[in-house]
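Colleague: You'll find query.cif just under this line, and it carries mmCIF, C-alpha atoms.
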```
data_input
#
loop_
_atom_site.label_atom_id
_atom_site.label_comp_id
_atom_site.auth_asym_id
_atom_site.auth_seq_id
_atom_site.Cartn_x
_atom_site.Cartn_y
_atom_site.Cartn_z
CA MET A 1 21.23 13.73 27.85
CA ILE A 2 18.11 15.01 26.05
CA ALA A 3 20.19 15.89 22.98
CA GLN A 4 21.85 12.46 23.06
CA ILE A 5 18.48 10.69 23.11
CA PHE A 6 17.11 12.96 20.39
CA PHE A 7 20.06 12.38 18.04
CA SER A 8 20.12 8.67 18.85
CA PHE A 9 16.48 8.43 17.75
CA LEU A 10 17.21 10.29 14.51
CA LEU A 11 20.31 8.24 13.74
CA SER A 12 18.51 4.99 14.54
CA SER A 13 15.89 6.00 11.98
CA VAL A 14 18.71 6.36 9.43
CA LEU A 15 19.96 2.86 10.33
CA LEU A 16 16.45 1.46 9.74
CA TYR A 17 16.29 3.35 6.46
CA ALA A 18 19.67 1.88 5.45
CA TRP A 19 18.42 -1.63 6.22
CA THR A 20 15.28 -1.24 4.13
CA GLU A 21 17.14 0.41 1.24
CA TYR A 22 19.90 -2.20 1.03
CA ARG A 23 18.21 -4.32 -1.61
CA LYS A 24 17.42 -1.36 -3.90
CA SER A 25 20.59 0.72 -3.54
CA PRO A 26 23.34 -0.99 -1.52
CA VAL A 27 25.87 1.86 -1.90
CA VAL A 28 23.51 4.44 -0.40
CA ALA A 29 22.55 1.97 2.32
CA ILE A 30 26.17 1.25 3.28
CA LEU A 31 27.09 4.95 3.30
CA SER A 32 24.03 5.77 5.41
CA PHE A 33 24.88 2.92 7.76
CA VAL A 34 28.50 4.04 8.21
CA VAL A 35 27.62 7.71 8.74
CA ALA A 36 24.76 6.92 11.13
CA SER A 37 26.89 4.46 13.10
CA ALA A 38 29.72 7.00 13.40
CA GLY A 39 27.19 9.63 14.47
CA LEU A 40 25.78 7.32 17.16
CA TYR A 41 29.27 6.58 18.42
CA PHE A 42 30.22 10.25 18.72
CA VAL A 43 26.89 11.12 20.32
CA TRP A 44 27.47 8.62 23.13
CA VAL A 45 31.29 8.94 23.35
CA PRO A 46 31.83 12.68 22.94
CA SER A 47 35.32 12.44 24.47
CA ASP A 48 36.45 10.58 21.36
CA SER A 49 35.13 13.33 19.12
CA THR A 50 37.13 15.80 21.22
CA ARG A 51 40.20 13.59 20.94
CA LEU A 52 39.65 13.39 17.20
CA ALA A 53 39.23 17.16 17.10
CA GLU A 54 42.49 17.64 19.00
CA PHE A 55 44.20 15.17 16.71
CA VAL A 56 43.25 17.15 13.62
CA GLY A 57 43.87 20.50 15.35
CA ILE A 58 40.33 21.69 16.04
CA GLY A 59 38.99 22.70 19.47
CA ARG A 60 36.20 21.12 21.58
CA GLY A 61 33.48 23.00 19.82
CA VAL A 62 33.72 20.51 17.02
CA ASP A 63 31.33 18.10 18.75
CA PHE A 64 28.64 20.76 18.74
CA ILE A 65 29.37 21.43 15.06
CA LEU A 66 29.26 17.69 14.42
CA TYR A 67 25.85 17.39 16.08
CA THR A 68 24.56 20.33 14.12
CA TRP A 69 25.87 18.86 10.89
CA ILE A 70 24.19 15.56 11.61
CA GLY A 71 20.88 17.30 12.32
CA ILE A 72 21.09 19.38 9.17
CA SER A 73 22.01 16.37 7.07
CA LEU A 74 19.03 14.43 8.35
CA ILE A 75 16.72 17.31 7.60
CA VAL A 76 18.15 17.62 4.09
CA ILE A 77 17.65 13.88 3.54
CA LEU A 78 14.08 14.11 4.79
CA ASN A 79 13.45 17.05 2.51
CA LEU A 80 14.82 15.17 -0.49
CA HIS A 81 12.67 12.18 0.42
CA LEU A 82 9.55 14.35 0.52
CA LYS A 83 10.45 15.91 -2.83
CA LEU A 84 10.86 12.47 -4.32
CA ARG A 85 7.45 11.51 -2.97
CA THR A 86 5.94 14.56 -4.67
CA GLN A 87 7.56 13.54 -7.96
CA LEU A 88 6.32 9.97 -7.53
CA GLU A 89 2.78 11.17 -6.94
CA LEU A 90 2.92 13.25 -10.13
CA ILE A 91 4.28 10.27 -12.08
CA THR A 92 1.50 8.11 -10.65
CA VAL A 93 -1.19 10.55 -11.74
CA LEU A 94 0.41 10.76 -15.18
CA ALA A 95 0.67 6.97 -15.56
CA ARG A 96 -2.92 6.50 -14.38
CA THR A 97 -4.17 9.12 -16.81
CA ILE A 98 -2.31 7.40 -19.66
CA ALA A 99 -3.66 3.99 -18.63
CA LEU A 100 -7.26 5.19 -18.54
CA ALA A 101 -6.92 7.42 -21.62
CA ASP A 102 -5.58 4.41 -23.50
CA LEU A 103 -8.99 2.76 -23.01
CA ARG A 104 -10.81 5.67 -24.65
CA VAL A 105 -8.92 5.31 -27.91
CA ARG A 106 -9.65 1.58 -28.18
CA PRO A 107 -12.69 0.27 -30.10
CA ALA A 108 -16.00 0.59 -28.26
CA THR A 109 -16.69 -3.13 -28.53
CA ALA A 110 -14.63 -6.01 -27.26
CA ASP A 111 -14.66 -7.82 -30.59
CA GLY A 112 -11.17 -8.18 -31.87
CA ASP A 113 -9.67 -6.48 -28.88
CA PRO A 114 -7.52 -8.97 -27.01
CA LEU A 115 -7.48 -6.92 -23.84
CA ARG A 116 -11.23 -6.17 -23.81
CA ALA A 117 -10.43 -2.81 -22.24
CA GLY A 118 -13.05 -0.13 -22.71
CA ALA A 119 -15.76 -2.70 -23.21
CA PRO A 120 -17.78 -3.43 -20.09
CA THR A 121 -18.55 -7.07 -19.51
CA ALA A 122 -22.12 -8.34 -19.73
CA GLY A 123 -24.42 -6.59 -17.31
CA ALA A 124 -22.25 -3.55 -16.82
CA LYS A 125 -23.56 -0.09 -17.47
CA SER A 126 -21.90 1.54 -20.45
CA VAL A 127 -20.35 4.69 -19.08
CA GLN A 128 -17.73 6.71 -20.85
CA ILE A 129 -14.66 7.61 -18.85
CA GLU A 130 -14.45 11.35 -18.51
CA SER A 131 -11.23 13.22 -18.18
CA MET B 1 -25.40 2.86 1.41
CA GLU B 2 -27.18 3.76 -1.79
CA PHE B 3 -27.77 0.84 -4.12
CA GLY B 4 -30.65 -1.41 -5.08
CA PRO B 5 -31.07 -5.18 -4.88
CA HIS B 6 -28.98 -5.68 -8.03
CA PRO B 7 -26.07 -3.26 -7.74
CA ASN B 8 -23.61 -2.65 -10.52
CA LEU B 9 -20.78 -4.55 -8.84
CA TRP B 10 -17.16 -4.45 -9.96
CA ILE B 11 -14.27 -6.52 -8.63
CA VAL B 12 -10.90 -4.74 -8.74
CA CYS B 13 -7.75 -6.89 -8.85
CA ALA B 14 -4.32 -5.27 -8.76
CA ALA B 15 -1.83 -7.57 -10.45
CA TYR B 16 1.92 -7.46 -10.91
CA ASN B 17 3.53 -10.51 -12.53
CA GLU B 18 0.68 -12.80 -11.49
CA ALA B 19 0.77 -15.06 -14.55
CA ARG B 20 0.62 -18.15 -12.35
CA THR B 21 -2.69 -17.27 -10.70
CA ILE B 22 -4.53 -14.49 -12.53
CA ALA B 23 -6.35 -16.67 -15.07
CA GLY B 24 -7.72 -18.91 -12.33
CA VAL B 25 -8.80 -15.99 -10.15
CA VAL B 26 -10.54 -14.17 -13.02
CA SER B 27 -12.21 -17.35 -14.29
CA GLU B 28 -13.61 -18.02 -10.84
CA LEU B 29 -14.91 -14.45 -10.56
CA ARG B 30 -16.47 -14.56 -14.03
CA HIS B 31 -17.97 -18.01 -13.36
CA ALA B 32 -19.67 -16.53 -10.28
CA GLY B 33 -21.10 -13.79 -12.51
CA TYR B 34 -18.95 -10.88 -11.38
CA GLN B 35 -17.51 -8.14 -13.57
CA ALA B 36 -13.80 -7.83 -12.99
CA VAL B 37 -11.23 -5.23 -13.85
CA VAL B 38 -7.60 -6.28 -13.56
CA VAL B 39 -5.12 -3.45 -13.24
CA ASP B 40 -1.89 -4.80 -14.68
CA ASP B 41 0.78 -2.85 -12.83
CA GLY B 42 3.46 -2.99 -15.50
CA SER B 43 3.88 -6.77 -15.53
CA ASN B 44 6.33 -8.38 -17.93
CA ASP B 45 5.04 -11.94 -17.75
CA GLY B 46 1.89 -11.65 -19.86
CA THR B 47 -0.47 -11.15 -16.90
CA ARG B 48 -2.72 -8.76 -18.85
CA HIS B 49 -3.22 -11.17 -21.75
CA LEU B 50 -4.06 -14.04 -19.41
CA ALA B 51 -6.49 -11.83 -17.47
CA ALA B 52 -8.19 -10.63 -20.66
CA ALA B 53 -8.42 -14.14 -22.04
CA ALA B 54 -10.10 -15.25 -18.82
CA GLY B 55 -12.74 -12.54 -19.22
CA ALA B 56 -11.53 -9.52 -17.26
CA ASN B 57 -11.40 -5.95 -18.43
CA VAL B 58 -7.77 -4.89 -18.24
CA VAL B 59 -6.24 -1.51 -17.47
CA THR B 60 -2.47 -1.42 -17.92
CA HIS B 61 -0.08 0.85 -16.10
CA PRO B 62 2.78 1.80 -18.43
CA ILE B 63 5.23 1.36 -15.53
CA ASN B 64 5.16 -0.46 -12.21
CA LEU B 65 3.71 1.85 -9.56
CA GLY B 66 2.68 -0.43 -6.72
CA GLN B 67 -0.44 -2.12 -5.38
CA GLY B 68 -1.92 1.02 -3.82
CA ALA B 69 -1.67 2.92 -7.09
CA ALA B 70 -3.17 -0.02 -9.00
CA LEU B 71 -6.14 -0.22 -6.64
CA GLN B 72 -6.80 3.51 -7.00
CA THR B 73 -6.70 3.14 -10.80
CA GLY B 74 -9.06 0.18 -10.62
CA MET B 75 -11.50 2.07 -8.41
CA GLU B 76 -11.45 5.06 -10.76
CA TYR B 77 -12.13 2.74 -13.69
CA ALA B 78 -15.01 1.04 -11.86
CA LEU B 79 -16.51 4.37 -10.84
CA ALA B 80 -16.34 5.49 -14.47
CA GLN B 81 -18.26 2.32 -15.40
CA GLY B 82 -21.03 3.41 -13.02
CA ALA B 83 -20.19 0.96 -10.23
CA ASP B 84 -22.52 1.02 -7.21
CA VAL B 85 -20.26 -1.32 -5.25
CA ILE B 86 -16.53 -2.03 -5.65
CA VAL B 87 -14.78 -5.02 -4.14
CA THR B 88 -10.98 -5.20 -3.94
CA PHE B 89 -9.71 -8.74 -4.38
CA ASP B 90 -6.14 -10.07 -4.33
CA ALA B 91 -4.79 -11.55 -7.54
CA ASP B 92 -2.64 -14.22 -5.86
CA GLY B 93 -5.55 -16.53 -5.12
CA GLN B 94 -5.61 -16.23 -1.33
CA HIS B 95 -9.19 -14.88 -1.19
CA ARG B 96 -12.42 -16.81 -1.66
CA VAL B 97 -15.00 -15.68 -4.21
CA SER B 98 -17.79 -16.88 -1.92
CA ASP B 99 -16.86 -14.13 0.59
CA ILE B 100 -17.74 -11.36 -1.90
CA ALA B 101 -21.48 -11.89 -1.48
CA ARG B 102 -21.12 -11.73 2.31
CA LEU B 103 -19.29 -8.41 2.08
CA VAL B 104 -21.90 -6.89 -0.23
CA GLU B 105 -24.73 -8.22 1.95
CA ALA B 106 -23.09 -6.63 4.98
CA LEU B 107 -23.04 -3.25 3.24
CA GLY B 108 -26.80 -3.48 2.80
CA HIS B 109 -27.71 -4.96 6.17
CA GLU B 110 -25.48 -2.68 8.20
CA GLN B 111 -26.13 0.45 6.11
CA ALA B 112 -22.37 0.76 5.81
CA ASP B 113 -20.16 2.28 3.13
CA PHE B 114 -17.19 0.02 3.83
CA ALA B 115 -17.23 -3.72 4.53
CA LEU B 116 -13.78 -4.86 5.60
CA GLY B 117 -12.81 -8.52 5.53
CA SER B 118 -11.31 -9.91 8.73
CA ARG B 119 -9.30 -13.13 8.72
CA PHE B 120 -9.23 -13.07 12.51
CA LEU B 121 -13.02 -13.10 12.74
CA GLY B 122 -13.08 -15.75 10.03
CA GLN B 123 -10.48 -18.35 9.19
CA THR B 124 -6.92 -18.55 7.99
CA TYR B 125 -5.03 -21.48 6.58
CA ASN B 126 -1.23 -21.79 6.60
CA LEU B 127 -0.66 -18.39 8.22
CA PRO B 128 2.91 -18.34 9.64
CA TRP B 129 3.15 -17.28 13.29
CA LEU B 130 5.52 -14.41 12.53
CA ARG B 131 3.12 -12.92 9.99
CA ARG B 132 0.23 -13.38 12.42
CA TRP B 133 2.23 -11.45 15.03
CA VAL B 134 3.07 -8.65 12.57
CA LEU B 135 -0.58 -8.40 11.47
CA ARG B 136 -1.71 -8.19 15.10
CA ALA B 137 0.86 -5.44 15.75
CA ALA B 138 -0.30 -3.57 12.64
CA THR B 139 -3.89 -3.78 13.86
CA VAL B 140 -2.93 -2.30 17.24
CA PHE B 141 -0.95 0.43 15.46
CA THR B 142 -3.93 1.24 13.22
CA ARG B 143 -6.26 1.32 16.20
CA LEU B 144 -3.97 3.78 17.99
CA THR B 145 -3.49 6.04 14.97
CA THR B 146 -7.04 6.05 13.54
CA GLY B 147 -9.27 5.22 16.49
CA LEU B 148 -11.05 2.53 14.44
CA SER B 149 -11.66 -0.67 16.37
CA LEU B 150 -10.72 -3.28 13.77
CA THR B 151 -9.52 -6.85 14.19
CA ASP B 152 -7.68 -7.03 10.85
CA SER B 153 -6.50 -3.78 9.32
CA HIS B 154 -4.43 -5.22 6.45
CA ASN B 155 -6.89 -7.44 4.66
CA GLY B 156 -7.06 -6.87 0.91
CA LEU B 157 -10.62 -8.17 0.65
CA ARG B 158 -13.01 -5.28 1.15
CA ALA B 159 -16.17 -3.80 -0.35
CA LEU B 160 -16.94 -0.12 -0.84
CA THR B 161 -20.08 1.66 -1.90
CA ARG B 162 -19.79 4.28 -4.59
CA ARG B 163 -19.97 6.95 -1.91
CA GLY B 164 -17.24 5.22 0.06
CA ALA B 165 -14.96 4.87 -2.96
CA CYS B 166 -15.43 8.54 -3.84
CA ALA B 167 -14.58 9.55 -0.26
CA ILE B 168 -11.13 8.01 -0.22
CA ARG B 169 -8.05 8.73 -2.29
CA LEU B 170 -5.00 6.51 -2.08
CA ARG B 171 -1.68 8.33 -2.25
CA GLN B 172 0.44 5.49 -0.90
CA ASN B 173 1.56 3.59 -3.98
CA ARG B 174 3.14 0.67 -2.21
CA MET B 175 2.09 -1.53 0.67
CA ALA B 176 1.28 1.31 3.07
CA HIS B 177 -2.01 1.76 1.20
CA ALA B 178 -3.68 -0.80 3.50
CA SER B 179 -3.08 1.43 6.51
CA GLU B 180 -3.96 4.48 4.43
CA ILE B 181 -7.37 3.05 3.49
CA VAL B 182 -8.21 2.59 7.18
CA SER B 183 -6.98 6.11 7.86
CA GLU B 184 -9.12 7.46 5.01
CA ILE B 185 -12.18 5.56 6.31
CA ALA B 186 -11.68 7.16 9.71
CA ARG B 187 -11.29 10.58 8.12
CA SER B 188 -14.43 10.15 5.99
CA ARG B 189 -16.54 9.35 9.09
CA LEU B 190 -18.66 7.03 6.93
CA PRO B 191 -20.02 3.85 8.55
CA TYR B 192 -18.02 0.63 8.26
CA VAL B 193 -18.47 -2.99 9.24
CA GLU B 194 -16.13 -5.96 9.59
CA VAL B 195 -17.03 -9.26 7.97
CA PRO B 196 -15.46 -12.67 8.69
CA VAL B 197 -13.61 -13.99 5.65
CA THR B 198 -11.31 -16.87 4.87
CA ILE B 199 -7.73 -16.43 3.75
CA GLU B 200 -5.80 -19.39 2.45
CA TYR B 201 -2.08 -18.84 2.16
CA THR B 202 -0.05 -20.81 -0.31
CA ALA B 203 3.70 -20.94 -0.81
CA TYR B 204 3.14 -18.67 -3.80
CA SER B 205 1.09 -16.04 -1.95
CA LEU B 206 3.52 -16.07 0.98
CA ALA B 207 6.45 -15.50 -1.37
CA LYS B 208 4.59 -12.63 -3.05
CA GLY B 209 3.52 -11.13 0.27
CA GLN B 210 5.15 -8.63 2.56
CA ARG B 211 8.34 -9.25 4.49
CA LEU B 212 9.19 -8.04 7.98
CA GLY B 213 11.43 -5.34 6.51
CA ASP B 214 8.47 -4.01 4.53
CA SER B 215 6.66 -3.16 7.76
CA VAL B 216 9.46 -0.74 8.63
CA MET B 217 9.13 0.87 5.20
CA ILE B 218 5.35 1.11 5.68
CA LEU B 219 5.84 2.98 8.97
CA LEU B 220 8.30 5.37 7.30
CA ASP B 221 5.88 5.93 4.40
CA LEU B 222 3.03 6.69 6.78
CA PHE B 223 5.25 9.04 8.76
CA ALA B 224 6.29 10.84 5.56
CA ARG B 225 2.63 11.09 4.52
CA GLU B 226 1.83 12.91 7.73
CA LEU B 227 4.62 15.39 6.95
CA HIS B 228 3.50 15.83 3.38
CA ARG B 229 -0.27 16.11 3.13
#
```
For the file at hand, write its structure as structure tokens.
Modeller:
Amino acid sequence: MIAQIFFSFLLSSVLLYAWTEYRKSPVVAILSFVVASAGLYFVWVPSDSTRLAEFVGIGRGVDFILYTWIGISLIVILNLHLKLRTQLELITVLARTIALADLRVRPATADGDPLRAGAPTAGAKSVQIES
Amino acid sequence: MEFGPHPNLWIVCAAYNEARTIAGVVSELRHAGYQAVVVDDGSNDGTRHLAAAAGANVVTHPINLGQGAALQTGMEYALAQGADVIVTFDADGQHRVSDIARLVEALGHEQADFALGSRFLGQTYNLPWLRRWVLRAATVFTRLTTGLSLTDSHNGLRALTRRGACAIRLRQNRMAHASEIVSEIARSRLPYVEVPVTIEYTAYSLAKGQRLGDSVMILLDLFARELHR
């Protein structure tokens, strides 16, 4: 029962993830939804996984293997997500550095500069941006 | 709180495709005498040109990164300009310029480093009931996770002293930054105060705002942040 609740929680998280990702990447969302739904079904109806195992010629241990596979898959997905976050943070720092560095190469005064960047408005202290 | 009677005050507006409202917002800020920096988050509708024409300093992200990333860029820019006080202000026109002075005054009176606007202590116009419910739930969630007793944890109108701005670092690029700011305030242990403000929703600002599905994504982002510090 504890394992069922634990895996149900994990698989429900995948369903939520699929829902939120649908607009950005529908294929990934649909695949995640199908796999998570199947996982939830087999978690709560293990007899069907056994029947399926017997049908394809594999013993009862397959449900344990199935659970393990689901757990490992979720961990791999989480790991990939964290790696993507790391990459995104690096890209953010890079983009921010470019955006601020772009101001340093503009003229020091606002005259003739349509974006006024790098030129503090009236009353501002004139401070150079340091890298 | 370390600033004199006439602090070097900068207003930071994060803007992504806000061509409809940005000129009006910047004009109002400039008319009130405030210095504004608009961080154009990779817009493709001419937002940065409209903001500059209205009198703002403009920093442009080469790609769209999200509101949290834009606010962090704006704060870094303002700090580099020697800002004593930084105010974050939404670009969609839902905030009132008159509330800025109240936030800055509160920093001085309460000896605080963060003055956080609260629509539930102040007033809201045209706030849908579902969004009110989600905002209340977010406030309870923030209270449970940070221990800060706030009435409105997701208000984009806030003022920070230089010390406060230096003490926080936003890593959540997207909408989870609002919760992250509160979390960072709690972690910094610097004093904060809530100030009643007025938020006026329009059809435009509601369409630009968060959806219910976004709140799920915010929770996932915050969970991932805890795993990946």
Colleague: Take the PyMOL selection byres ((chain B) within 6 of (chain A)), run it mentally on this structure, and tell me the resulting residues as a list in words.
Modeller: Ala52, Asn57, Val58, Thr60, His61, Ala80 and Gln81 of chain B
Colleague: Report, in Å with one decimal, the straight-line distance from atom CA of Ile218 of chain B to atom CA of Gln172 of chain B.
Modeller: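 Here the two named atoms are 9.3 Å from each other.
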Colleague: At what distance in Å, to one decimal, does atom CA of Ala176 of chain B lie from atom CA of Ala137 of chain B?
Modeller: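 A separation of 14.4 Å between them.
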Colleague: Run through the PyMOL selection byres ((chain B and resi 17) around 10) on the given coordinates and return the selected residues as a list in words.
Modeller: Ala15, Tyr16, Glu18, Ala19, Arg20, Thr21, Ile22, Asp40, Asp41, Gly42, Ser43, Asn44, Asp45, Gly46, Thr47, Arg48, Ala91, Asp92 and Lys208 of chain B
Colleague: Applying the PyMOL selection byres ((chain A and resi 18) around 12) to the file I just gave you, which residues come out? Please list them as a list in words.
Modeller: Leu11, Ser12, Ser13, Val14, Leu15, Leu16, Tyr17, Trp19, Thr20, Glu21, Tyr22, Arg23, Lys24, Ser25, Pro26, Val27, Val28, Ala29, Ile30, Leu31, Ser32, Phe33, Val34, Val35, Ala36 and Ser37 of chain A; Gly213, Val216 and Met217 of chain B
Colleague: How many Å lie between atom CA of Leu170 of chain B and atom CA of Arg30 of chain B, rounded to one decimal?
Modeller: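 Those two atoms sit 26.8 Å apart.
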Colleague: Would you list the contacts of segment 111-124 of chain B as an MDAnalysis selection string, taking every protein, DNA or RNA residue within 10 Å and counting only C-alpha atoms, but skipping same-chain residues closer than 6 positions in sequence?
Modeller: chainID B and resid 1:2 85:88 94:95 99:100 102:105 132 135:136 150:165 167 182 185 189:201
Colleague: Using only C-alpha atoms, which protein or nucleic acid residues come within 7 Å of Val37 of chain B? Drop anything in the same chain fewer than 5 positions from it, and give the result as a list in words.
Modeller: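 Near Val37 of chain B, the qualifying residues are Ile11, Val12, Cys13, Ala56, Asn57, Val58 and Gly74 of chain B.
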Colleague: Using all atoms listed in the file, can you tell me which of A:Ile75, A:Pro46, A:Phe55, A:Tyr41 comes closest to Ser8 of chain A?
Modeller: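 The closest residue to Ser8 of chain A is A:Tyr41.
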